[in-house]
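Shown next: data.cif, given as mmCIF, C-alpha atoms (C1' of nucleotides).
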```cif
data_run
#
loop_
_atom_site.group_PDB
_atom_site.id
_atom_site.type_symbol
_atom_site.label_atom_id
_atom_site.label_comp_id
_atom_site.auth_asym_id
_atom_site.auth_seq_id
_atom_site.Cartn_x
_atom_site.Cartn_y
_atom_site.Cartn_z
ATOM 1 C CA MET V 1 121.741 63.016 92.161
ATOM 2 C CA ALA V 2 118.627 64.178 93.926
ATOM 3 C CA ARG V 3 118.281 64.936 97.589
ATOM 4 C CA ALA V 4 118.839 62.046 99.981
ATOM 5 C CA SER V 5 115.794 60.103 101.036
ATOM 6 C CA THR V 6 113.848 61.361 104.035
ATOM 7 C CA THR V 7 114.325 57.876 105.442
ATOM 8 C CA SER V 8 118.099 57.920 105.039
ATOM 9 C CA ASP V 9 118.683 59.209 108.565
ATOM 10 C CA ALA V 10 117.171 61.167 111.443
ATOM 11 C CA PHE V 11 118.482 64.471 110.085
ATOM 12 C CA ASN V 12 116.527 64.089 106.879
ATOM 13 C CA ALA V 13 113.464 62.818 108.672
ATOM 14 C CA VAL V 14 113.188 65.782 111.051
ATOM 15 C CA ALA V 15 113.690 68.319 108.272
ATOM 16 C CA GLU V 16 109.939 68.229 107.740
ATOM 17 C CA PRO V 17 108.145 70.546 110.215
ATOM 18 C CA ARG V 18 105.091 68.309 110.566
ATOM 19 C CA ARG V 19 107.257 65.377 111.489
ATOM 20 C CA ARG V 20 108.864 67.468 114.217
ATOM 21 C CA GLU V 21 105.428 68.333 115.545
ATOM 22 C CA ILE V 22 104.449 64.687 115.552
ATOM 23 C CA LEU V 23 107.596 63.778 117.470
ATOM 24 C CA ILE V 24 106.851 66.361 120.126
ATOM 25 C CA TYR V 25 103.251 65.251 120.380
ATOM 26 C CA LEU V 26 104.301 61.618 120.800
ATOM 27 C CA ALA V 27 107.149 62.303 123.199
ATOM 28 C CA GLY V 28 105.274 62.058 126.470
ATOM 29 C CA ALA V 29 102.894 59.203 125.772
ATOM 30 C CA GLU V 30 101.806 56.796 123.084
ATOM 31 C CA ARG V 31 98.821 57.838 121.001
ATOM 32 C CA PRO V 32 96.717 56.331 118.253
ATOM 33 C CA VAL V 33 96.937 57.814 114.757
ATOM 34 C CA GLY V 34 93.520 59.403 115.094
ATOM 35 C CA ALA V 35 94.696 61.461 118.042
ATOM 36 C CA ILE V 36 97.556 62.854 115.976
ATOM 37 C CA VAL V 37 95.187 63.693 113.155
ATOM 38 C CA ALA V 38 92.891 65.515 115.564
ATOM 39 C CA ALA V 39 95.662 67.254 117.503
ATOM 40 C CA LEU V 40 97.677 68.518 114.540
ATOM 41 C CA GLY V 41 94.856 69.058 112.067
ATOM 42 C CA LEU V 42 96.403 67.031 109.262
ATOM 43 C CA GLU V 43 94.852 64.573 106.843
ATOM 44 C CA GLN V 44 94.949 60.977 108.021
ATOM 45 C CA PRO V 45 96.890 59.628 105.014
ATOM 46 C CA SER V 46 99.403 62.394 105.491
ATOM 47 C CA VAL V 47 99.938 61.440 109.112
ATOM 48 C CA SER V 48 100.292 57.774 108.197
ATOM 49 C CA LYS V 49 102.927 58.641 105.632
ATOM 50 C CA HIS V 50 104.875 60.800 108.051
ATOM 51 C CA LEU V 51 104.716 58.046 110.652
ATOM 52 C CA ARG V 52 106.041 55.624 108.091
ATOM 53 C CA VAL V 53 109.105 57.803 107.552
ATOM 54 C CA LEU V 54 109.612 58.271 111.278
ATOM 55 C CA ARG V 55 109.369 54.518 111.858
ATOM 56 C CA ASP V 56 111.812 53.738 109.083
ATOM 57 C CA VAL V 57 114.495 55.772 110.815
ATOM 58 C CA GLY V 58 113.566 54.548 114.282
ATOM 59 C CA LEU V 59 112.253 57.872 115.556
ATOM 60 C CA VAL V 60 108.953 56.324 116.617
ATOM 61 C CA ARG V 61 107.854 52.905 117.832
ATOM 62 C CA MET V 62 104.511 51.315 117.091
ATOM 63 C CA ARG V 63 102.341 48.862 118.953
ATOM 64 C CA CYS V 64 99.062 47.338 117.843
ATOM 65 C CA GLN V 65 96.064 47.512 120.148
ATOM 66 C CA GLY V 66 92.889 46.156 118.648
ATOM 67 C CA ARG V 67 92.194 48.087 115.490
ATOM 68 C CA GLN V 68 94.305 51.018 116.443
ATOM 69 C CA LYS V 69 98.041 51.438 116.376
ATOM 70 C CA LEU V 70 99.741 53.279 119.173
ATOM 71 C CA TYR V 71 102.799 55.338 118.363
ATOM 72 C CA ARG V 72 105.316 56.941 120.637
ATOM 73 C CA THR V 73 108.534 58.828 120.095
ATOM 74 C CA ASN V 74 111.759 56.909 120.563
ATOM 75 C CA SER V 75 113.688 59.757 122.167
ATOM 76 C CA GLU V 76 116.938 57.816 122.047
ATOM 77 C CA ALA V 77 116.964 58.245 118.278
ATOM 78 C CA ILE V 78 117.041 62.021 118.722
ATOM 79 C CA ARG V 79 120.204 61.980 120.810
ATOM 80 C CA PRO V 80 122.553 61.912 117.790
ATOM 81 C CA LEU V 81 121.007 65.169 116.589
ATOM 82 C CA HIS V 82 121.415 66.720 120.005
ATOM 83 C CA GLU V 83 125.000 65.604 120.232
ATOM 84 C CA TRP V 84 125.872 66.769 116.751
ATOM 85 C CA ALA V 85 124.481 70.217 117.451
ATOM 86 C CA GLY V 86 126.145 70.164 120.855
ATOM 87 C CA MET V 87 129.576 70.049 119.234
ATOM 88 C CA PHE V 88 129.094 73.721 118.402
ATOM 89 C CA GLU V 89 128.178 74.795 121.896
ATOM 90 C CA ARG V 90 131.690 75.898 122.855
ATOM 91 C CA TYR V 91 131.782 78.072 119.758
ATOM 92 C CA TRP V 92 128.542 79.877 120.346
ATOM 93 C CA LEU V 93 129.588 80.453 123.941
ATOM 94 C CA HIS V 94 132.769 82.060 122.618
ATOM 95 C CA GLN V 95 130.744 84.208 120.279
ATOM 96 C CA LEU V 96 128.592 85.369 123.159
ATOM 97 C CA ASN V 97 131.689 86.332 125.137
ATOM 98 C CA ARG V 98 133.032 88.298 122.197
ATOM 99 C CA VAL V 99 129.784 90.199 121.817
ATOM 100 C CA LYS V 100 129.792 90.918 125.542
ATOM 101 C CA GLU V 101 133.384 92.145 125.524
ATOM 102 C CA LEU V 102 132.685 94.294 122.498
ATOM 103 C CA ALA V 103 129.693 95.840 124.224
ATOM 104 C CA GLU V 104 131.759 96.636 127.322
ATOM 105 C CA ALA V 105 134.546 98.131 125.221
ATOM 106 C CA THR V 106 132.015 100.256 123.371
ATOM 107 C CA VAL V 107 130.643 101.607 126.629
ATOM 108 C CA ARG V 108 134.166 102.615 127.724
ATOM 109 C CA GLN V 109 135.039 104.265 124.422
ATOM 110 C CA GLY V 110 131.671 105.803 123.643
ATOM 111 C CA PRO V 111 129.486 104.653 120.758
ATOM 112 C CA ALA V 112 130.840 104.285 117.215
ATOM 113 C CA ASP V 113 129.711 106.659 114.467
ATOM 114 C CA LEU V 114 126.523 105.068 113.173
ATOM 115 C CA ASN V 115 126.937 106.675 109.766
ATOM 116 C CA PHE V 116 130.205 104.803 109.232
ATOM 117 C CA PRO V 117 129.740 101.721 111.351
ATOM 118 C CA ASN V 118 132.458 99.818 109.478
ATOM 119 C CA GLN V 119 135.158 102.431 109.784
ATOM 120 C CA ASN V 120 137.272 100.203 111.983
ATOM 121 C CA LEU V 121 136.974 97.089 109.836
ATOM 122 C CA LYS V 122 139.514 96.224 107.208
ATOM 123 C CA GLU V 123 137.230 93.745 105.422
ATOM 124 C CA LYS V 124 133.518 93.762 104.744
ATOM 125 C CA ASN V 125 131.474 91.243 106.692
ATOM 126 C CA THR V 126 128.380 89.360 105.564
ATOM 127 C CA MET B 127 103.753 69.779 97.120
ATOM 128 C CA ALA B 128 107.412 68.804 96.991
ATOM 129 C CA ARG B 129 109.840 68.793 99.859
ATOM 130 C CA ALA B 130 110.562 72.143 101.471
ATOM 131 C CA SER B 131 113.536 74.053 100.156
ATOM 132 C CA THR B 132 116.928 73.320 101.681
ATOM 133 C CA THR B 133 117.116 77.047 102.355
ATOM 134 C CA SER B 134 113.823 77.173 104.200
ATOM 135 C CA ASP B 135 115.446 76.678 107.591
ATOM 136 C CA ALA B 136 118.466 75.242 109.412
ATOM 137 C CA PHE B 137 116.822 71.844 109.775
ATOM 138 C CA ASN B 138 116.554 71.413 106.039
ATOM 139 C CA ALA B 139 120.013 72.818 105.431
ATOM 140 C CA VAL B 140 121.786 70.392 107.774
ATOM 141 C CA ALA B 141 119.939 67.389 106.390
ATOM 142 C CA GLU B 142 122.690 67.119 103.778
ATOM 143 C CA PRO B 143 125.729 65.226 105.186
ATOM 144 C CA ARG B 144 128.276 67.268 103.256
ATOM 145 C CA ARG B 145 126.879 70.463 104.626
ATOM 146 C CA ARG B 146 127.241 69.091 108.131
ATOM 147 C CA GLU B 147 130.869 68.288 107.403
ATOM 148 C CA ILE B 148 131.445 71.782 106.103
ATOM 149 C CA LEU B 149 129.914 73.281 109.235
ATOM 150 C CA ILE B 150 132.210 71.241 111.446
ATOM 151 C CA TYR B 151 135.229 72.151 109.366
ATOM 152 C CA LEU B 152 134.375 75.852 109.548
ATOM 153 C CA ALA B 153 133.473 75.850 113.232
ATOM 154 C CA GLY B 154 136.862 76.652 114.692
ATOM 155 C CA ALA B 155 138.227 79.145 112.205
ATOM 156 C CA GLU B 156 137.417 80.880 108.972
ATOM 157 C CA ARG B 157 138.715 79.240 105.803
ATOM 158 C CA PRO B 158 138.773 80.009 102.095
ATOM 159 C CA VAL B 159 136.692 77.869 99.750
ATOM 160 C CA GLY B 160 139.774 76.151 98.399
ATOM 161 C CA ALA B 161 140.621 74.819 101.839
ATOM 162 C CA ILE B 162 137.196 73.220 102.124
ATOM 163 C CA VAL B 163 137.581 71.660 98.703
ATOM 164 C CA ALA B 164 140.957 70.222 99.690
ATOM 165 C CA ALA B 165 139.893 69.110 103.163
ATOM 166 C CA LEU B 166 136.654 67.402 102.222
ATOM 167 C CA GLY B 167 137.581 66.203 98.751
ATOM 168 C CA LEU B 168 134.561 67.684 96.993
ATOM 169 C CA GLU B 169 134.286 69.495 93.676
ATOM 170 C CA GLN B 170 134.662 73.228 93.954
ATOM 171 C CA PRO B 171 131.279 74.067 92.389
ATOM 172 C CA SER B 172 129.653 71.640 94.764
ATOM 173 C CA VAL B 173 131.229 73.351 97.756
ATOM 174 C CA SER B 174 130.171 76.765 96.482
ATOM 175 C CA LYS B 175 126.611 75.573 96.128
ATOM 176 C CA HIS B 176 126.540 74.089 99.606
ATOM 177 C CA LEU B 177 127.995 77.299 101.017
ATOM 178 C CA ARG B 178 125.277 79.223 99.242
ATOM 179 C CA VAL B 179 122.616 77.190 101.008
ATOM 180 C CA LEU B 180 124.363 77.544 104.361
ATOM 181 C CA ARG B 181 124.669 81.294 103.912
ATOM 182 C CA ASP B 182 121.019 81.656 102.949
ATOM 183 C CA VAL B 183 119.945 80.197 106.277
ATOM 184 C CA GLY B 184 122.609 82.045 108.262
ATOM 185 C CA LEU B 185 124.636 78.966 109.190
ATOM 186 C CA VAL B 186 127.834 80.479 107.810
ATOM 187 C CA ARG B 187 129.215 84.006 107.452
ATOM 188 C CA MET B 188 131.421 85.177 104.616
ATOM 189 C CA ARG B 189 134.103 87.830 104.374
ATOM 190 C CA CYS B 190 136.050 88.880 101.298
ATOM 191 C CA GLN B 191 139.830 89.007 101.434
ATOM 192 C CA GLY B 192 141.422 89.785 98.131
ATOM 193 C CA ARG B 193 140.334 87.212 95.655
ATOM 194 C CA GLN B 194 139.365 84.682 98.219
ATOM 195 C CA LYS B 195 136.283 84.470 100.361
ATOM 196 C CA LEU B 196 136.642 83.377 103.941
ATOM 197 C CA TYR B 197 133.809 81.394 105.475
ATOM 198 C CA ARG B 198 133.146 80.444 109.041
ATOM 199 C CA THR B 199 130.343 78.713 110.853
ATOM 200 C CA ASN B 200 127.854 80.886 112.679
ATOM 201 C CA SER B 201 127.397 78.570 115.638
ATOM 202 C CA GLU B 202 124.552 80.661 117.020
ATOM 203 C CA ALA B 203 122.389 79.472 114.134
ATOM 204 C CA ILE B 204 122.808 75.885 115.287
ATOM 205 C CA ARG B 205 121.430 76.559 118.760
ATOM 206 C CA PRO B 206 117.780 76.165 117.707
ATOM 207 C CA LEU B 207 118.551 72.634 116.529
ATOM 208 C CA HIS B 208 120.288 71.841 119.788
ATOM 209 C CA GLU B 209 117.422 73.218 121.798
ATOM 210 C CA TRP B 210 114.781 71.422 119.784
ATOM 211 C CA ALA B 211 116.547 68.103 120.243
ATOM 212 C CA GLY B 212 117.136 68.970 123.893
ATOM 213 C CA MET B 213 113.401 68.953 124.535
ATOM 214 C CA PHE B 214 113.560 65.181 124.347
ATOM 215 C CA GLU B 215 116.392 64.789 126.821
ATOM 216 C CA ARG B 216 114.141 64.137 129.817
ATOM 217 C CA TYR B 217 112.432 61.381 127.855
ATOM 218 C CA TRP B 218 115.548 59.535 126.825
ATOM 219 C CA LEU B 219 116.786 59.766 130.399
ATOM 220 C CA HIS B 220 113.540 58.138 131.506
ATOM 221 C CA GLN B 221 113.990 55.427 128.900
ATOM 222 C CA LEU B 222 117.497 54.765 130.167
ATOM 223 C CA ASN B 223 116.180 54.409 133.700
ATOM 224 C CA ARG B 224 113.521 51.964 132.528
ATOM 225 C CA VAL B 225 116.106 49.892 130.704
ATOM 226 C CA LYS B 226 118.291 49.911 133.794
ATOM 227 C CA GLU B 227 115.458 48.906 136.086
ATOM 228 C CA LEU B 228 114.444 46.156 133.682
ATOM 229 C CA ALA B 229 117.999 44.848 133.611
ATOM 230 C CA GLU B 230 118.177 44.777 137.400
ATOM 231 C CA ALA B 231 114.823 43.029 137.627
ATOM 232 C CA THR B 232 115.964 40.480 135.063
ATOM 233 C CA VAL B 233 119.067 39.739 137.065
ATOM 234 C CA ARG B 234 116.917 39.094 140.149
ATOM 235 C CA GLN B 235 114.444 36.903 138.263
ATOM 236 C CA GLY B 236 116.877 35.114 136.004
ATOM 237 C CA PRO B 237 116.917 35.615 132.226
ATOM 238 C CA ALA B 238 113.788 35.325 130.103
ATOM 239 C CA ASP B 239 113.350 32.438 127.670
ATOM 240 C CA LEU B 240 115.087 33.655 124.536
ATOM 241 C CA ASN B 241 112.944 31.422 122.338
ATOM 242 C CA PHE B 242 109.809 33.238 123.430
ATOM 243 C CA PRO B 243 111.116 36.652 124.334
ATOM 244 C CA ASN B 244 107.646 38.220 124.100
ATOM 245 C CA GLN B 245 105.904 35.815 126.377
ATOM 246 C CA ASN B 246 105.228 38.509 128.983
ATOM 247 C CA LEU B 247 103.922 41.086 126.530
ATOM 248 C CA LYS B 248 100.246 41.509 125.788
ATOM 249 C CA GLU B 249 100.885 43.430 122.555
ATOM 250 C CA LYS B 250 103.495 43.091 119.854
ATOM 251 C CA ASN B 251 106.134 45.791 119.703
ATOM 252 C CA THR B 252 107.867 47.226 116.636
ATOM 253 C "C1'" DA L 253 146.254 94.048 78.129
ATOM 254 C "C1'" DC L 254 146.540 89.207 79.230
ATOM 255 C "C1'" DA L 255 146.971 85.058 81.686
ATOM 256 C "C1'" DT L 256 146.005 83.066 86.122
ATOM 257 C "C1'" DT L 257 143.805 82.321 90.358
ATOM 258 C "C1'" DA L 258 139.617 81.806 93.284
ATOM 259 C "C1'" DC L 259 134.903 81.366 93.383
ATOM 260 C "C1'" DA L 260 130.079 81.577 91.786
ATOM 261 C "C1'" DT L 261 126.492 80.491 88.645
ATOM 262 C "C1'" DT L 262 123.962 78.162 85.014
ATOM 263 C "C1'" DC L 263 122.306 74.195 82.512
ATOM 264 C "C1'" DC L 264 120.878 69.483 82.430
ATOM 265 C "C1'" DC L 265 118.794 65.464 84.546
ATOM 266 C "C1'" DA L 266 117.679 61.483 87.487
ATOM 267 C "C1'" DT L 267 115.439 61.158 91.749
ATOM 268 C "C1'" DA L 268 112.628 61.928 95.836
ATOM 269 C "C1'" DT L 269 109.371 63.960 97.727
ATOM 270 C "C1'" DA L 270 104.472 65.926 100.111
ATOM 271 C "C1'" DG L 271 99.807 66.561 99.459
ATOM 272 C "C1'" DG L 272 95.230 65.245 97.576
ATOM 273 C "C1'" DA L 273 92.186 61.674 96.063
ATOM 274 C "C1'" DA L 274 90.985 57.151 95.883
ATOM 275 C "C1'" DT L 275 91.482 52.652 97.384
ATOM 276 C "C1'" DA L 276 93.169 48.670 100.165
ATOM 277 C "C1'" DT L 277 93.772 46.227 104.569
ATOM 278 C "C1'" DG L 278 92.698 44.758 109.121
ATOM 279 C "C1'" DT L 279 89.677 44.568 113.268
ATOM 280 C "C1'" DC L 280 85.586 44.528 115.835
ATOM 281 C "C1'" DA L 281 80.392 44.501 116.311
ATOM 282 C "C1'" DA L 282 75.766 42.895 115.239
ATOM 283 C "C1'" DT M 283 78.220 37.894 106.583
ATOM 284 C "C1'" DT M 284 77.810 42.700 106.510
ATOM 285 C "C1'" DG M 285 79.013 47.177 107.953
ATOM 286 C "C1'" DA M 286 81.563 50.532 110.427
ATOM 287 C "C1'" DC M 287 85.891 52.023 112.112
ATOM 288 C "C1'" DA M 288 91.087 52.814 112.152
ATOM 289 C "C1'" DT M 289 95.100 52.940 109.346
ATOM 290 C "C1'" DA M 290 97.979 52.119 105.424
ATOM 291 C "C1'" DT M 291 99.059 52.264 100.640
ATOM 292 C "C1'" DT M 292 98.831 53.573 95.827
ATOM 293 C "C1'" DC M 293 98.519 56.845 92.085
ATOM 294 C "C1'" DC M 294 99.303 61.333 90.386
ATOM 295 C "C1'" DT M 295 101.844 65.651 89.918
ATOM 296 C "C1'" DA M 296 104.339 69.975 90.764
ATOM 297 C "C1'" DT M 297 108.550 71.052 92.690
ATOM 298 C "C1'" DA M 298 113.217 71.002 94.560
ATOM 299 C "C1'" DT M 299 117.049 69.131 94.613
ATOM 300 C "C1'" DG M 300 122.667 67.542 94.146
ATOM 301 C "C1'" DG M 301 126.202 66.264 91.041
ATOM 302 C "C1'" DG M 302 128.773 66.972 86.690
ATOM 303 C "C1'" DA M 303 130.133 69.927 83.023
ATOM 304 C "C1'" DA M 304 130.689 74.247 81.280
ATOM 305 C "C1'" DT M 305 130.838 78.978 81.796
ATOM 306 C "C1'" DG M 306 130.841 83.585 84.174
ATOM 307 C "C1'" DT M 307 133.205 86.992 87.126
ATOM 308 C "C1'" DA M 308 136.234 89.481 90.074
ATOM 309 C "C1'" DA M 309 140.966 90.183 91.774
ATOM 310 C "C1'" DT M 310 145.956 89.764 91.142
ATOM 311 C "C1'" DG M 311 150.444 89.278 88.837
ATOM 312 C "C1'" DT M 312 153.460 90.490 84.881
#
```

Please rewrite the model in this file as structure tokens.
Amino acid sequence: MARASTTSDAFNAVAEPRRREILIYLAGAERPVGAIVAALGLEQPSVSKHLRVLRDVGLVRMRCQGRQKLYRTNSEAIRPLHEWAGMFERYWLHQLNRVKELAEATVRQGPADLNFPNQNLKEKNT
Amino acid sequence: MARASTTSDAFNAVAEPRRREILIYLAGAERPVGAIVAALGLEQPSVSKHLRVLRDVGLVRMRCQGRQKLYRTNSEAIRPLHEWAGMFERYWLHQLNRVKELAEATVRQGPADLNFPNQNLKEKNT
DNA sequence: ACATTACATTCCCATATAGGAATATGTCAA
DNA sequence: TTGACATATTCCTATATGGGAATGTAATGT
């Protein structure tokens, strides 16, 4: 099997850096395609294709106004990403505490020998 | 050009659903590969390959213990995702307020005609 | 030394891009 | 109608998968 489609979910859609830029650009206000092209310096067909992906997963909304189409970010669709990543918050807070405690312990004991920095470890880390 | 490599950054790495599952499973404690295989019901080579991707972008750490290799999630590496998605928080809060205000206004006015739900809109939405 | 356990890597392949170029579609203006 | 403007879509192609199967490799037990 190949990689999942970019339109399969928000995670796949935002994997592309340009699509993330577009989402940020369209977060505050709706803009016509031409404005995105000008602001991000991309080719117009490229922007249209990215917008198509973003629409398919609900990350942007579109409205027609005369001959232009106004896009804006649907921030609600980004919440699942935020919440998924947020599940790990308690763990990175723990890691920060451990680093802090280690630093304080090191100050009390004096610095470790930098030539053998792993002398106190039983297993090698990666 | 093709899609960016899954190892190009954390965004691309977590686009794969199985890799997200692995990260959650390895968030609380380090586990040998066999435990992941058993817990998630994937083929062992598949798990090894996913772990390789996750390691390349720093989303997991590995430690050798005898013949097994213990992996754990490096939650710190998920923070950038959380923070990127967090940039949109103020916008989805605004959207929620607008929906709430609209609902309250609707209650005051009575419900709109469901057969012509767009009768008050000048442009068509998508 | 040999078999076993625990992982990692390689090979093969169907599939899905993302970008560039060219073209199609839809809207407004004269 | 004709032309200009704003977007969208199609075609083409190099590239990167992810899964399955098979194989490689390192560590341990006997």

Within 9 Å of DT292 of chain M, counting all atoms listed in the file, which residues show up once you throw out same-chain ones fewer than 2 positions away? Write them as a ChimeraX atom specification, please.
/L:274-276

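The list of residues with at least one atom within 12 Å of Glu147 of chain B, based on only C-alpha atoms (C1' of nucleotides) and without residues fewer than 3 positions apart in the same chain, reads Trp84 of chain V; Ala139, Val140, Ala141, Glu142, Pro143, Arg144, Ile150, Tyr151, Leu152, Ala153, Ile162, Val163, Ala165, Leu166, Gly167, Leu168, Val173, His176, Leu177, Leu180 and Thr199 of chain B.
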
Expanded to explicit residues, what is the PyMOL selection byres ((chain L) within 6 of (chain B)) for this file, as a VMD selection string?
chain L and resid 258 269 to 271

Convert the current residue selection to file output with C-alpha atoms (C1' of nucleotides), as a CSV table (one decimal), in the frame of the given file.
```csv
chain,number,residue,atom,x,y,z
L,258,DA,C1',139.6,81.8,93.3
L,269,DT,C1',109.4,64.0,97.7
L,270,DA,C1',104.5,65.9,100.1
L,271,DG,C1',99.8,66.6,99.5
```

Define the interface residues of chain M facing chain V as those within 9 Å, counting all atoms listed in the file, and report them as an MDAnalysis selection string.
chainID M and resid 287:291 298:301

Select residues of chain V: the criterion is any atom within 7 Å of an atom of chain B, counting all atoms listed in the file; output as an mmCIF file with C-alpha atoms, keeping the file's coordinate frame.
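Output contents, as saved in result_33.cif:
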```
data_model
loop_
_atom_site.group_PDB
_atom_site.id
_atom_site.type_symbol
_atom_site.label_atom_id
_atom_site.label_comp_id
_atom_site.auth_asym_id
_atom_site.auth_seq_id
_atom_site.Cartn_x
_atom_site.Cartn_y
_atom_site.Cartn_z
ATOM 1 C CA PHE V 11 118.482 64.471 110.085
ATOM 2 C CA ASN V 12 116.527 64.089 106.879
ATOM 3 C CA ALA V 15 113.690 68.319 108.272
ATOM 4 C CA ARG V 61 107.854 52.905 117.832
ATOM 5 C CA MET V 62 104.511 51.315 117.091
ATOM 6 C CA ARG V 63 102.341 48.862 118.953
ATOM 7 C CA CYS V 64 99.062 47.338 117.843
ATOM 8 C CA GLN V 65 96.064 47.512 120.148
ATOM 9 C CA SER V 75 113.688 59.757 122.167
ATOM 10 C CA GLU V 76 116.938 57.816 122.047
ATOM 11 C CA ILE V 78 117.041 62.021 118.722
ATOM 12 C CA LEU V 81 121.007 65.169 116.589
ATOM 13 C CA HIS V 82 121.415 66.720 120.005
ATOM 14 C CA ALA V 85 124.481 70.217 117.451
ATOM 15 C CA GLY V 86 126.145 70.164 120.855
ATOM 16 C CA PHE V 88 129.094 73.721 118.402
ATOM 17 C CA TYR V 91 131.782 78.072 119.758
ATOM 18 C CA TRP V 92 128.542 79.877 120.346
ATOM 19 C CA GLU V 123 137.230 93.745 105.422
ATOM 20 C CA LYS V 124 133.518 93.762 104.744
ATOM 21 C CA ASN V 125 131.474 91.243 106.692
ATOM 22 C CA THR V 126 128.380 89.360 105.564
#
```

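Taking only C-alpha atoms (C1' of nucleotides) into account, the protein, DNA and RNA residues within 12 Å of (134.4, 85.5, 83.9) read DT257, DA258, DC259, DA260 and DT261 of chain L; DT305, DG306, DT307, DA308 and DA309 of chain M.
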
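Atom to atom, atom CA of Ala35 of chain V and atom CA of Ile22 of chain V stand 10.6 Å apart.
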
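Interatomic distance, atom C1' of DC265 of chain L to atom CA of Val179 of chain B: 20.6 Å.
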
For segment 261-277 of chain L, what centre and edge lengths in Å (one decimal) does the axis-aligned box get once 3 Å is added on each side of all its listed atoms, as JSON?
```
{"center_x": 108.7, "center_y": 63.4, "center_z": 93.5, "size_x": 41.5, "size_y": 40.3, "size_z": 28.1}
```

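Rounded to one decimal, atom C1' of DT284 of chain M and atom C1' of DC280 of chain L lie 12.3 Å from each other.
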
Given the file above and the PyMOL selection byres ((chain L and resi 256) around 9), which residues are selected, and can you give them as number ranges by chain?
L: 255, 257; M: 310-311
